[in-house]
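Visitor: Handing you a structure now.
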Amino acid sequence: MEETNNSNNVENTNDVEIITEEEVDDLEDVTVLMEGQKKKRRRKTSLVWAHFEMVSPGPDKKPRCKCKRCGLVYLVPSNYGTGNLKRHLENCVRRDTRDVGQLLLSKKGGAVSKFEPDKFRELLVAAIVMHDLPFRFVEYTAMRAIFAYLCPEATIITRNTARADLIRMHGREKEKIKFMLKDAPSRISLTSDLWTSVITDGYMCITAHFIDRNWVLQKRVLNFCFMPPPHNGVSLSEKMYNLLCEWEIENKVFTVTLDNASSNDVSVDILRTQLSIRKALVCNGDFFHLRCCAHILNLIVQDGLKEIDIAIQKIRESVKYVKGLQVRKQKFLESVNQMSLDGKRGLRQDVPTRWNSTFLMIENALYYRRAFCHLELTDSNYKNCPTVDEWSKVEKIDKFLAVFYDATCAFSGTKYPAANLYFPSVFMIYLTLRQQMENEDEYMRRMAVQMLAKFEKYWLDFNVLLAIAVSLDPRYKLQFVDFCYKKLYGYSGSHAYLNVREKLFSLFLEYASNAPITSATTGKRGGKVVNVSPIQSFSKETRAVMQEFDSFEIDEESAHSQKSQLELYLDEPRVDRSANLDILSFWKANQFRFPKLASMARDVLSVPISTVASESTFSVGGRVIDQFRSSLRPDTVEALVCTRDWLYGEKELAQMKLDELVEDVMNLDINKASMDDNRGHSQD
């Protein structure tokens, strides 16, 4: 009876022409035996064949297949088209939901047609790393149900297996990063910082910065490793040196940027000595140590804002008043609409320990100045509106702090060179502080005095390499350094300028002496001389005259040929300062004109002037070193943080808003005693 039904089904399918040739899929080797025909081998890959099996040919000698679920028999066309078989599975009366899930995977734009268990486990670990998921995510009942729905053949792993897969993935990616560092044509600059988990475990983060062969600035977190106590200078230098040797970059280090911890000063001196013995540093390590500029600016501004003016206090109370009740918010919004202002900008409440939040609060309040004045007229309970004179003072404070805010934003960049931006930004800060010293307002003058005292301490101790960096910017060159010192000190600043110039030429001389001499560097053409000069056939007197001409030509060219690439670059006209110049693209285009100088520029421009790169790691990895993740083993923590940076760090930073990144730097309350205990910072 069953055979009769199957025969009827075959006849019906022929009547409705269910056999189509919508697509031709190759599957495993299947042999179709036909009477009077030879063996024909087809390779099929369609997933539908997992739900059909070949049966004996019918009276017409045509191959047939049968559905494993309902037993319905279909003719198999010679090209093994599967469109009709897919339609049957979608409408099969004994359809299983897992079949539908498997079909969904085979749709165009979906997953690969063949399930790969190793790839499945790799994607699971990648999801854990990217989205900061716990390892027990793979054991969630709902997730296992989804896996079984999509692919019954999927092997469900445990949290321990996921952790082991993560360690292996970290090892594979580490080898790729090691090769990238080895292949980098430039030296490598480092940033480092120390952090403490909620259970007081110390972790050291080391980040590498370099410019690759395509003149693209690269940043990679090398280590996020456990740092046992004590956190003194000797232990920190030993740990860092061992890590550099592990990465095989101890001979490629250019600079290291650290914060202002007293232990860092000791560790960097020891590390400089170790590397200098190996002759691994440029200029015997004169430019090796840089202080974090973001921390310095933070210290300076916090000193100036210790005494808050009454005008700022009124703005703070005004913002609190508006945000206190919904009725007040509605009244303020009506005032904003009456003054034709944009209500979407909103008010910002500051945090006293975060100076950038105070600046943003002032800036937004100034925008809504007329709205506050209108609210004072319409709301009798509002008593804290600043007066006209106080608003004028707030404007002065806003302009004053804007210089520091813009500089911190520039210093905190990780996607573009920041070394060449240091000197112009710091020059404007110094000039602003000196101008405010003569301000008629007592509060502004007192604030400038407090900030200038701390600023000059760091200004006199800044790394000359940052002045060299601006001279490698074709918009400024050495003329800007000369201009700045004369603007600040008059003609007495020439001594400081000459010191920068001397250091610049000394650094270039080391690069020039170590770089191979090529035809591009000397400006001479290569190739053999095969033709004999006709001068050899001249008389002795004639040859003497011609040799005099040769000497004359050499004398004329000697002045130009003896100039170094650095001198030729400095003698060229500057690029328009207002031009939107990509400095890396400039040196990429001129690397064949000035190969030795370009090699030096590649190293100098990759120097980070802030440890924001390391601390942004903690903003990403801060969710790892919390009360839930502190119980993880140190090697697991390092694998999570480093692998995330290597696989997805660039994408995340590209999507991160600049103000959020700057906020991470500025919210550091360096005056807290707890930070002193955990990180060993020395406060100045």
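Identifiers for the structure tokens are assigned positionally: chains receive A, B, ... in sequence, residues are indexed from 1 per chain, and ligands are indexed from 1 in the order shown.
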Got a sec: who's within 12 Å of Ala365 (chain A), counting only C-alpha atoms, leaving out chain neighbours fewer than 2 positions off, as a PyMOL selection string?
Guide: chain A and resi 311-312+314-320+322+336+345-350+358-363+367-373+385-386+391+394-395+398
Visitor: Skip Val138 (chain A) itself and residues of its chain fewer than 3 positions away, then list as a list in words all residues within 8 Å of it, counting only C-alpha atoms.
Guide: Leu124, Phe135, Met143, Arg144, Ile156, Ile157, Thr158, Arg159 and Ala162 of chain A
Visitor: Keeping only N, CA, C and O atoms, write the selected residues to a file as a JSON list (two decimals), in the first residue's frame.
Guide:
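Output saved as again-v5.json:
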[["chain", "number", "residue", "atom", "x", "y", "z"],
["A", 124, "LEU", "N", 32.33, 31.64, 19.31],
["A", 124, "LEU", "CA", 31.84, 31.76, 20.68],
["A", 124, "LEU", "C", 32.82, 32.54, 21.55],
["A", 124, "LEU", "O", 32.43, 33.45, 22.29],
["A", 135, "PHE", "N", 32.22, 33.58, 31.09],
["A", 135, "PHE", "CA", 32.47, 32.30, 30.44],
["A", 135, "PHE", "C", 31.27, 31.36, 30.56],
["A", 135, "PHE", "O", 31.07, 30.50, 29.71],
["A", 143, "MET", "N", 20.87, 29.74, 25.61],
["A", 143, "MET", "CA", 21.85, 29.77, 24.53],
["A", 143, "MET", "C", 22.07, 28.37, 23.97],
["A", 143, "MET", "O", 22.21, 28.19, 22.76],
["A", 144, "ARG", "N", 22.08, 27.37, 24.84],
["A", 144, "ARG", "CA", 22.24, 26.01, 24.34],
["A", 144, "ARG", "C", 21.05, 25.59, 23.49],
["A", 144, "ARG", "O", 21.20, 24.85, 22.52],
["A", 156, "ILE", "N", 28.31, 21.32, 22.39],
["A", 156, "ILE", "CA", 28.20, 22.33, 23.43],
["A", 156, "ILE", "C", 29.40, 22.23, 24.35],
["A", 156, "ILE", "O", 29.70, 21.15, 24.89],
["A", 157, "ILE", "N", 30.10, 23.35, 24.52],
["A", 157, "ILE", "CA", 31.30, 23.37, 25.35],
["A", 157, "ILE", "C", 30.99, 23.93, 26.73],
["A", 157, "ILE", "O", 29.94, 24.56, 26.95],
["A", 158, "THR", "N", 31.90, 23.71, 27.67],
["A", 158, "THR", "CA", 31.75, 24.22, 29.02],
["A", 158, "THR", "C", 32.55, 25.50, 29.19],
["A", 158, "THR", "O", 33.32, 25.90, 28.32],
["A", 159, "ARG", "N", 32.38, 26.12, 30.36],
["A", 159, "ARG", "CA", 33.10, 27.36, 30.62],
["A", 159, "ARG", "C", 34.61, 27.14, 30.65],
["A", 159, "ARG", "O", 35.39, 27.99, 30.23],
["A", 162, "ALA", "N", 35.81, 27.00, 27.12],
["A", 162, "ALA", "CA", 35.83, 28.35, 26.55],
["A", 162, "ALA", "C", 37.05, 29.12, 27.03],
["A", 162, "ALA", "O", 37.69, 29.85, 26.27]]
Visitor: Can you check which residues of region 251-400 of chain A DSSP gives as strand (DSSP E or B) on the backbone and send them as a list of chain:residue names?
Guide: A:Val253, A:Phe254, A:Thr255, A:Val256, A:Thr257, A:Leu258, A:Ala261, A:His289, A:Leu290, A:Arg291
Visitor: Under the rule that only C-alpha atoms are counted, which of A:Leu507, A:Ala261, A:Leu584, A:Leu72 is the nearest residue to Lys596 (chain A)?
Guide: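 Closest residue, counting only C-alpha atoms: A:Leu507.
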Visitor: Please identify all polymer residues within 10 Å of region 445-454 of chain A, counting only C-alpha atoms, omitting same-chain residues fewer than 2 positions from it, and present them as an mmCIF file with N, CA, C and O atoms, in the first residue's frame.
Guide:
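Written out: selection_1.cif:
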data_model
loop_
_atom_site.group_PDB
_atom_site.id
_atom_site.type_symbol
_atom_site.label_atom_id
_atom_site.label_comp_id
_atom_site.auth_asym_id
_atom_site.auth_seq_id
_atom_site.Cartn_x
_atom_site.Cartn_y
_atom_site.Cartn_z
ATOM 1 N N ILE A 296 49.851 66.272 33.989
ATOM 2 C CA ILE A 296 50.416 67.564 34.362
ATOM 3 C C ILE A 296 49.359 68.666 34.258
ATOM 4 O O ILE A 296 49.206 69.491 35.163
ATOM 5 N N LEU A 297 48.629 68.690 33.148
ATOM 6 C CA LEU A 297 47.571 69.691 32.997
ATOM 7 C C LEU A 297 46.505 69.525 34.071
ATOM 8 O O LEU A 297 45.953 70.511 34.571
ATOM 9 N N LEU A 299 46.931 68.419 37.134
ATOM 10 C CA LEU A 299 47.460 68.969 38.380
ATOM 11 C C LEU A 299 47.419 70.498 38.378
ATOM 12 O O LEU A 299 47.066 71.126 39.375
ATOM 13 N N ILE A 300 47.768 71.100 37.236
ATOM 14 C CA ILE A 300 47.828 72.562 37.147
ATOM 15 C C ILE A 300 46.441 73.174 37.318
ATOM 16 O O ILE A 300 46.241 74.122 38.088
ATOM 17 N N VAL A 301 45.455 72.636 36.597
ATOM 18 C CA VAL A 301 44.111 73.215 36.649
ATOM 19 C C VAL A 301 43.474 72.982 38.010
ATOM 20 O O VAL A 301 42.775 73.855 38.542
ATOM 21 N N GLN A 302 43.692 71.820 38.611
ATOM 22 C CA GLN A 302 43.120 71.564 39.932
ATOM 23 C C GLN A 302 43.660 72.536 40.967
ATOM 24 O O GLN A 302 42.942 72.953 41.880
ATOM 25 N N ASP A 303 44.923 72.911 40.832
ATOM 26 C CA ASP A 303 45.471 73.916 41.749
ATOM 27 C C ASP A 303 44.768 75.259 41.582
ATOM 28 O O ASP A 303 44.501 75.960 42.562
ATOM 29 N N GLY A 304 44.470 75.620 40.330
ATOM 30 C CA GLY A 304 43.832 76.910 40.084
ATOM 31 C C GLY A 304 42.384 76.968 40.514
ATOM 32 O O GLY A 304 41.871 78.047 40.832
ATOM 33 N N LEU A 305 41.704 75.813 40.522
ATOM 34 C CA LEU A 305 40.278 75.795 40.851
ATOM 35 C C LEU A 305 39.995 75.412 42.301
ATOM 36 O O LEU A 305 38.868 75.053 42.635
ATOM 37 N N LYS A 306 41.021 75.487 43.133
ATOM 38 C CA LYS A 306 40.788 75.164 44.540
ATOM 39 C C LYS A 306 39.813 76.145 45.180
ATOM 40 O O LYS A 306 39.018 75.786 46.048
ATOM 41 N N GLU A 307 39.897 77.386 44.757
ATOM 42 C CA GLU A 307 38.973 78.406 45.270
ATOM 43 C C GLU A 307 37.986 78.760 44.153
ATOM 44 O O GLU A 307 38.347 79.379 43.165
ATOM 45 N N ILE A 308 36.744 78.333 44.324
ATOM 46 C CA ILE A 308 35.720 78.579 43.316
ATOM 47 C C ILE A 308 35.099 79.957 43.526
ATOM 48 O O ILE A 308 34.710 80.326 44.642
ATOM 49 N N ILE A 397 36.485 83.245 32.684
ATOM 50 C CA ILE A 397 36.919 81.943 33.200
ATOM 51 C C ILE A 397 36.770 80.872 32.120
ATOM 52 O O ILE A 397 37.632 79.998 31.957
ATOM 53 N N PHE A 400 39.488 81.175 29.631
ATOM 54 C CA PHE A 400 40.744 80.779 30.261
ATOM 55 C C PHE A 400 40.881 79.252 30.306
ATOM 56 O O PHE A 400 41.913 78.690 29.929
ATOM 57 N N ILE A 429 49.273 77.911 26.413
ATOM 58 C CA ILE A 429 48.939 77.864 27.846
ATOM 59 C C ILE A 429 49.849 78.801 28.630
ATOM 60 O O ILE A 429 49.385 79.581 29.478
ATOM 61 N N TYR A 430 51.137 78.729 28.346
ATOM 62 C CA TYR A 430 52.088 79.583 29.059
ATOM 63 C C TYR A 430 51.803 81.058 28.792
ATOM 64 O O TYR A 430 51.804 81.899 29.713
ATOM 65 N N THR A 432 48.959 82.393 27.927
ATOM 66 C CA THR A 432 47.694 82.755 28.575
ATOM 67 C C THR A 432 47.893 82.990 30.067
ATOM 68 O O THR A 432 47.345 83.955 30.636
ATOM 69 N N LEU A 433 48.656 82.137 30.713
ATOM 70 C CA LEU A 433 48.901 82.303 32.152
ATOM 71 C C LEU A 433 49.640 83.611 32.439
ATOM 72 O O LEU A 433 49.303 84.325 33.402
ATOM 73 N N ARG A 434 50.609 83.943 31.621
ATOM 74 C CA ARG A 434 51.357 85.178 31.847
ATOM 75 C C ARG A 434 50.490 86.407 31.591
ATOM 76 O O ARG A 434 50.631 87.430 32.275
ATOM 77 N N GLN A 435 49.583 86.307 30.626
ATOM 78 C CA GLN A 435 48.675 87.427 30.381
ATOM 79 C C GLN A 435 47.691 87.603 31.531
ATOM 80 O O GLN A 435 47.358 88.731 31.917
ATOM 81 N N GLN A 436 47.221 86.483 32.094
ATOM 82 C CA GLN A 436 46.271 86.565 33.208
ATOM 83 C C GLN A 436 46.924 87.078 34.484
ATOM 84 O O GLN A 436 46.221 87.508 35.405
ATOM 85 N N MET A 437 48.243 87.021 34.552
ATOM 86 C CA MET A 437 48.936 87.576 35.716
ATOM 87 C C MET A 437 48.701 89.076 35.836
ATOM 88 O O MET A 437 48.810 89.645 36.934
ATOM 89 N N GLU A 438 48.393 89.727 34.717
ATOM 90 C CA GLU A 438 48.159 91.170 34.723
ATOM 91 C C GLU A 438 46.671 91.509 34.661
ATOM 92 O O GLU A 438 46.305 92.650 34.407
ATOM 93 N N ASN A 439 45.813 90.511 34.878
ATOM 94 C CA ASN A 439 44.375 90.735 34.841
ATOM 95 C C ASN A 439 43.937 91.611 36.007
ATOM 96 O O ASN A 439 44.437 91.484 37.136
ATOM 97 N N GLU A 440 42.983 92.511 35.741
ATOM 98 C CA GLU A 440 42.498 93.406 36.790
ATOM 99 C C GLU A 440 41.641 92.674 37.809
ATOM 100 O O GLU A 440 41.537 93.099 38.959
ATOM 101 N N ASP A 441 41.023 91.563 37.388
ATOM 102 C CA ASP A 441 40.187 90.795 38.303
ATOM 103 C C ASP A 441 41.073 90.019 39.282
ATOM 104 O O ASP A 441 41.952 89.266 38.878
ATOM 105 N N GLU A 442 40.833 90.228 40.576
ATOM 106 C CA GLU A 442 41.685 89.607 41.590
ATOM 107 C C GLU A 442 41.599 88.088 41.564
ATOM 108 O O GLU A 442 42.607 87.394 41.724
ATOM 109 N N TYR A 443 40.384 87.550 41.337
ATOM 110 C CA TYR A 443 40.220 86.100 41.317
ATOM 111 C C TYR A 443 40.988 85.474 40.151
ATOM 112 O O TYR A 443 41.693 84.473 40.325
ATOM 113 N N GLU A 456 55.467 76.320 35.524
ATOM 114 C CA GLU A 456 56.878 76.594 35.255
ATOM 115 C C GLU A 456 57.776 75.465 35.743
ATOM 116 O O GLU A 456 58.829 75.197 35.165
ATOM 117 N N LYS A 457 57.329 74.785 36.792
ATOM 118 C CA LYS A 457 58.110 73.653 37.295
ATOM 119 C C LYS A 457 58.225 72.569 36.226
ATOM 120 O O LYS A 457 59.307 72.028 35.980
ATOM 121 N N TYR A 458 57.112 72.264 35.552
ATOM 122 C CA TYR A 458 57.128 71.231 34.522
ATOM 123 C C TYR A 458 57.663 71.767 33.188
ATOM 124 O O TYR A 458 58.227 71.024 32.390
ATOM 125 N N TRP A 459 57.465 73.055 32.939
ATOM 126 C CA TRP A 459 57.947 73.654 31.689
ATOM 127 C C TRP A 459 59.471 73.587 31.597
ATOM 128 O O TRP A 459 60.040 73.300 30.545
ATOM 129 N N ASP A 684 52.630 66.804 43.878
ATOM 130 C CA ASP A 684 53.511 67.970 43.895
ATOM 131 C C ASP A 684 52.703 69.198 44.264
ATOM 132 O O ASP A 684 51.554 69.293 43.913
#
Visitor: For each of A:Asn463, A:Thr643, A:Ser585, A:Asn298, take the minimum atom-to-atom distance to Asn214 (chain A), counting only C-alpha atoms, then give the residue where this is smallest.
Guide: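 With only C-alpha atoms as the atom set, the closest residue is A:Ser585.
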Visitor: If we count only C-alpha atoms, what is near Met169 (chain A) at a cut-off of 12 Å, once residues fewer than 2 positions away on the same chain are taken out, given as a compact mmCIF listing (two decimals) with all heavy atoms, in the first residue's frame?
Guide:
# COMPACT_ATOMS: atom_id res chain seq x y z
N ASP A 118 35.16 23.77 14.83
CA ASP A 118 36.25 24.63 15.30
C ASP A 118 35.92 26.11 15.09
O ASP A 118 36.19 26.95 15.95
CB ASP A 118 37.55 24.29 14.58
CG ASP A 118 38.06 22.90 14.94
OD1 ASP A 118 37.65 22.40 16.01
OD2 ASP A 118 38.83 22.33 14.16
N LYS A 119 35.32 26.41 13.94
CA LYS A 119 34.92 27.80 13.67
C LYS A 119 33.83 28.24 14.62
O LYS A 119 33.82 29.39 15.08
CB LYS A 119 34.44 27.91 12.21
CG LYS A 119 34.09 29.32 11.79
CD LYS A 119 35.29 30.23 11.81
CE LYS A 119 34.94 31.61 11.30
NZ LYS A 119 36.10 32.53 11.35
N ARG A 121 33.37 27.24 17.75
CA ARG A 121 33.97 27.53 19.05
C ARG A 121 34.76 28.84 19.01
O ARG A 121 34.75 29.61 19.97
CB ARG A 121 34.87 26.37 19.47
CG ARG A 121 34.09 25.14 19.86
CD ARG A 121 34.98 23.93 20.06
NE ARG A 121 36.00 24.12 21.07
CZ ARG A 121 36.79 23.15 21.53
NH1 ARG A 121 36.65 21.92 21.05
NH2 ARG A 121 37.70 23.40 22.43
N GLU A 122 35.41 29.10 17.89
CA GLU A 122 36.15 30.36 17.76
C GLU A 122 35.22 31.56 17.80
O GLU A 122 35.52 32.58 18.43
CB GLU A 122 36.95 30.35 16.45
CG GLU A 122 37.83 31.57 16.27
CD GLU A 122 38.63 31.52 14.98
OE1 GLU A 122 38.72 30.42 14.38
OE2 GLU A 122 39.15 32.57 14.58
N LEU A 123 34.06 31.46 17.15
CA LEU A 123 33.08 32.54 17.18
C LEU A 123 32.51 32.74 18.57
O LEU A 123 32.23 33.88 18.99
CB LEU A 123 31.96 32.25 16.18
CG LEU A 123 32.35 32.32 14.70
CD1 LEU A 123 31.19 31.86 13.83
CD2 LEU A 123 32.77 33.73 14.31
N LEU A 124 32.33 31.64 19.31
CA LEU A 124 31.84 31.76 20.68
C LEU A 124 32.82 32.54 21.55
O LEU A 124 32.43 33.45 22.29
CB LEU A 124 31.61 30.37 21.27
CG LEU A 124 30.26 29.70 21.03
CD1 LEU A 124 30.23 28.34 21.70
CD2 LEU A 124 29.12 30.56 21.53
N VAL A 125 34.09 32.20 21.45
CA VAL A 125 35.11 32.90 22.25
C VAL A 125 35.22 34.36 21.81
O VAL A 125 35.36 35.26 22.65
CB VAL A 125 36.47 32.18 22.11
CG1 VAL A 125 37.56 32.96 22.83
CG2 VAL A 125 36.38 30.77 22.66
N ALA A 126 35.11 34.61 20.51
CA ALA A 126 35.17 35.99 20.02
C ALA A 126 34.01 36.81 20.57
O ALA A 126 34.18 37.99 20.90
CB ALA A 126 35.14 36.00 18.49
N VAL A 129 34.80 37.71 24.16
CA VAL A 129 35.81 38.76 24.24
C VAL A 129 35.23 40.11 23.83
O VAL A 129 35.43 41.12 24.51
CB VAL A 129 37.01 38.40 23.35
CG1 VAL A 129 37.99 39.56 23.24
CG2 VAL A 129 37.72 37.16 23.89
N ALA A 162 35.81 27.00 27.12
CA ALA A 162 35.83 28.35 26.55
C ALA A 162 37.05 29.12 27.03
O ALA A 162 37.69 29.85 26.27
CB ALA A 162 34.55 29.09 26.91
N ARG A 163 37.38 28.95 28.31
CA ARG A 163 38.57 29.63 28.84
C ARG A 163 39.84 29.11 28.17
O ARG A 163 40.73 29.90 27.82
CB ARG A 163 38.64 29.43 30.35
CG ARG A 163 39.77 30.20 31.03
CD ARG A 163 39.85 29.92 32.52
NE ARG A 163 38.66 30.41 33.22
CZ ARG A 163 37.70 29.62 33.71
NH1 ARG A 163 37.80 28.31 33.57
NH2 ARG A 163 36.67 30.13 34.34
N ALA A 164 39.93 27.82 27.98
CA ALA A 164 41.10 27.25 27.32
C ALA A 164 41.19 27.72 25.87
O ALA A 164 42.28 28.01 25.37
CB ALA A 164 41.03 25.72 27.39
N ASP A 165 40.04 27.82 25.19
CA ASP A 165 40.04 28.32 23.81
C ASP A 165 40.51 29.77 23.76
O ASP A 165 41.19 30.19 22.83
CB ASP A 165 38.64 28.20 23.21
CG ASP A 165 38.27 26.75 22.91
OD1 ASP A 165 39.17 25.89 22.94
OD2 ASP A 165 37.08 26.49 22.64
N LEU A 166 40.13 30.56 24.78
CA LEU A 166 40.56 31.96 24.84
C LEU A 166 42.08 32.05 24.98
O LEU A 166 42.73 32.86 24.31
CB LEU A 166 39.88 32.67 26.01
CG LEU A 166 40.43 34.06 26.35
CD1 LEU A 166 40.16 35.04 25.22
CD2 LEU A 166 39.82 34.57 27.66
N ILE A 167 42.66 31.23 25.84
CA ILE A 167 44.10 31.25 26.03
C ILE A 167 44.82 30.90 24.72
O ILE A 167 45.82 31.52 24.35
CB ILE A 167 44.52 30.28 27.15
CG1 ILE A 167 43.87 30.71 28.50
CG2 ILE A 167 46.02 30.23 27.29
CD1 ILE A 167 44.29 32.08 28.97
N GLY A 171 47.27 33.28 22.42
CA GLY A 171 48.60 32.88 21.97
C GLY A 171 48.80 33.06 20.48
O GLY A 171 49.85 33.53 20.04
N ARG A 172 47.76 32.72 19.69
CA ARG A 172 47.86 32.89 18.23
C ARG A 172 47.98 34.36 17.86
O ARG A 172 48.80 34.75 17.02
CB ARG A 172 46.65 32.27 17.54
CG ARG A 172 46.58 30.76 17.61
CD ARG A 172 45.56 30.22 16.61
NE ARG A 172 44.25 30.80 16.79
CZ ARG A 172 43.31 30.28 17.57
NH1 ARG A 172 43.56 29.17 18.25
NH2 ARG A 172 42.12 30.86 17.67
N GLU A 173 47.14 35.19 18.47
CA GLU A 173 47.17 36.62 18.15
C GLU A 173 48.46 37.27 18.63
O GLU A 173 48.96 38.20 18.01
CB GLU A 173 45.96 37.32 18.78
CG GLU A 173 44.61 36.86 18.24
CD GLU A 173 44.48 37.11 16.75
OE1 GLU A 173 44.98 38.15 16.27
OE2 GLU A 173 43.90 36.24 16.07
N LYS A 174 49.01 36.76 19.72
CA LYS A 174 50.26 37.32 20.23
C LYS A 174 51.39 37.11 19.24
O LYS A 174 52.24 38.00 19.05
CB LYS A 174 50.60 36.68 21.58
CG LYS A 174 51.84 37.26 22.24
CD LYS A 174 52.05 36.67 23.63
CE LYS A 174 53.26 37.28 24.31
NZ LYS A 174 53.45 36.75 25.69
N GLU A 175 51.43 35.96 18.59
CA GLU A 175 52.46 35.72 17.59
C GLU A 175 52.32 36.68 16.42
O GLU A 175 53.32 37.13 15.85
CB GLU A 175 52.39 34.27 17.11
CG GLU A 175 52.80 33.25 18.16
CD GLU A 175 54.22 33.46 18.65
OE1 GLU A 175 55.10 33.76 17.80
OE2 GLU A 175 54.45 33.36 19.87
N LYS A 176 51.08 37.01 16.05
CA LYS A 176 50.87 37.96 14.96
C LYS A 176 51.37 39.35 15.35
O LYS A 176 52.00 40.05 14.55
CB LYS A 176 49.39 38.03 14.61
CG LYS A 176 48.81 36.73 14.05
CD LYS A 176 47.34 36.88 13.76
CE LYS A 176 46.72 35.56 13.29
NZ LYS A 176 45.25 35.69 13.06
N THR A 636 44.10 34.76 32.54
CA THR A 636 42.81 34.90 31.86
C THR A 636 42.44 36.36 31.69
O THR A 636 41.93 36.77 30.63
CB THR A 636 41.71 34.18 32.66
OG1 THR A 636 42.09 32.82 32.88
CG2 THR A 636 40.39 34.20 31.92
N ALA A 639 44.52 37.73 28.88
CA ALA A 639 44.04 37.23 27.59
C ALA A 639 42.78 37.97 27.15
O ALA A 639 42.62 38.31 25.97
CB ALA A 639 43.78 35.73 27.67
N LEU A 640 41.87 38.25 28.10
CA LEU A 640 40.64 38.96 27.76
C LEU A 640 40.93 40.38 27.28
O LEU A 640 40.44 40.81 26.23
CB LEU A 640 39.71 39.00 28.98
CG LEU A 640 38.91 37.75 29.29
CD1 LEU A 640 38.25 37.86 30.66
CD2 LEU A 640 37.86 37.49 28.22
N CYS A 642 43.89 41.91 26.34
CA CYS A 642 44.78 42.04 25.18
C CYS A 642 44.10 41.56 23.90
O CYS A 642 44.19 42.22 22.85
CB CYS A 642 46.07 41.28 25.42
SG CYS A 642 47.10 41.97 26.73
N THR A 643 43.43 40.42 23.97
CA THR A 643 42.77 39.90 22.77
C THR A 643 41.69 40.85 22.29
O THR A 643 41.49 41.04 21.09
CB THR A 643 42.17 38.51 23.04
OG1 THR A 643 43.18 37.65 23.57
CG2 THR A 643 41.62 37.90 21.77
N ARG A 644 40.99 41.47 23.22
CA ARG A 644 39.96 42.42 22.84
C ARG A 644 40.57 43.62 22.12
O ARG A 644 40.03 44.11 21.12
CB ARG A 644 39.19 42.88 24.07
CG ARG A 644 38.04 43.81 23.75
CD ARG A 644 37.25 44.14 24.99
NE ARG A 644 36.07 44.91 24.66
CZ ARG A 644 35.17 45.30 25.55
NH1 ARG A 644 35.33 44.98 26.82
NH2 ARG A 644 34.12 46.00 25.19
N TRP A 646 43.46 43.64 20.47
CA TRP A 646 44.04 43.22 19.19
C TRP A 646 42.98 42.97 18.13
O TRP A 646 43.19 43.26 16.96
CB TRP A 646 44.87 41.95 19.40
CG TRP A 646 46.02 42.14 20.34
CD1 TRP A 646 46.60 43.33 20.69
CD2 TRP A 646 46.73 41.13 21.05
NE1 TRP A 646 47.62 43.12 21.59
CE2 TRP A 646 47.73 41.78 21.83
CE3 TRP A 646 46.63 39.75 21.13
CZ2 TRP A 646 48.60 41.08 22.65
CZ3 TRP A 646 47.50 39.05 21.95
CH2 TRP A 646 48.48 39.70 22.70
N LEU A 647 41.82 42.44 18.54
CA LEU A 647 40.79 42.10 17.56
C LEU A 647 39.82 43.24 17.29
O LEU A 647 39.40 43.45 16.16
CB LEU A 647 40.00 40.87 18.03
CG LEU A 647 40.78 39.56 18.15
CD1 LEU A 647 39.87 38.46 18.63
CD2 LEU A 647 41.41 39.18 16.82
Visitor: Would you list the contacts of Gly202 (chain A) as a PDB file with N, CA and C atoms, in the first residue's frame, taking every protein, DNA or RNA residue within 8 Å and counting only C-alpha atoms, but skipping same-chain residues closer than 3 positions in sequence?
Guide:
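Dumped to out_25.pdb:
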ATOM      1  N   LEU A 194      49.952  51.606  36.057  1.00  0.00           N
ATOM      2  CA  LEU A 194      49.681  50.566  37.046  1.00  0.00           C
ATOM      3  C   LEU A 194      48.286  50.778  37.605  1.00  0.00           C
ATOM      4  N   TRP A 195      47.554  49.690  37.729  1.00  0.00           N
ATOM      5  CA  TRP A 195      46.183  49.758  38.240  1.00  0.00           C
ATOM      6  C   TRP A 195      45.980  48.720  39.319  1.00  0.00           C
ATOM      7  N   THR A 196      44.932  48.886  40.092  1.00  0.00           N
ATOM      8  CA  THR A 196      44.649  47.981  41.192  1.00  0.00           C
ATOM      9  C   THR A 196      43.211  47.512  41.117  1.00  0.00           C
ATOM     10  N   SER A 197      42.983  46.210  41.271  1.00  0.00           N
ATOM     11  CA  SER A 197      41.633  45.657  41.246  1.00  0.00           C
ATOM     12  C   SER A 197      40.969  45.867  42.603  1.00  0.00           C
ATOM     13  N   PHE A 226      49.715  40.667  35.721  1.00  0.00           N
ATOM     14  CA  PHE A 226      49.695  40.758  37.177  1.00  0.00           C
ATOM     15  C   PHE A 226      51.015  41.311  37.683  1.00  0.00           C
ATOM     16  N   MET A 227      50.937  42.289  38.574  1.00  0.00           N
ATOM     17  CA  MET A 227      52.121  42.918  39.151  1.00  0.00           C
ATOM     18  C   MET A 227      52.074  42.756  40.666  1.00  0.00           C
ATOM     19  N   PRO A 228      52.797  41.772  41.196  1.00  0.00           N
ATOM     20  CA  PRO A 228      52.752  41.554  42.651  1.00  0.00           C
ATOM     21  C   PRO A 228      53.490  42.662  43.387  1.00  0.00           C
ATOM     22  N   PRO A 229      53.162  42.892  44.634  1.00  0.00           N
ATOM     23  CA  PRO A 229      53.904  43.877  45.421  1.00  0.00           C
ATOM     24  C   PRO A 229      55.321  43.379  45.699  1.00  0.00           C
TER      25      PRO A 229
END
Visitor: Kindly give the distance, in Å, that separates CA of Ile310 (chain A) and CA of Lys396 (chain A), rounded to a single decimal.
Guide: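 Between CA of Ile310 (chain A) and CA of Lys396 (chain A) the gap works out to 13.8 Å.
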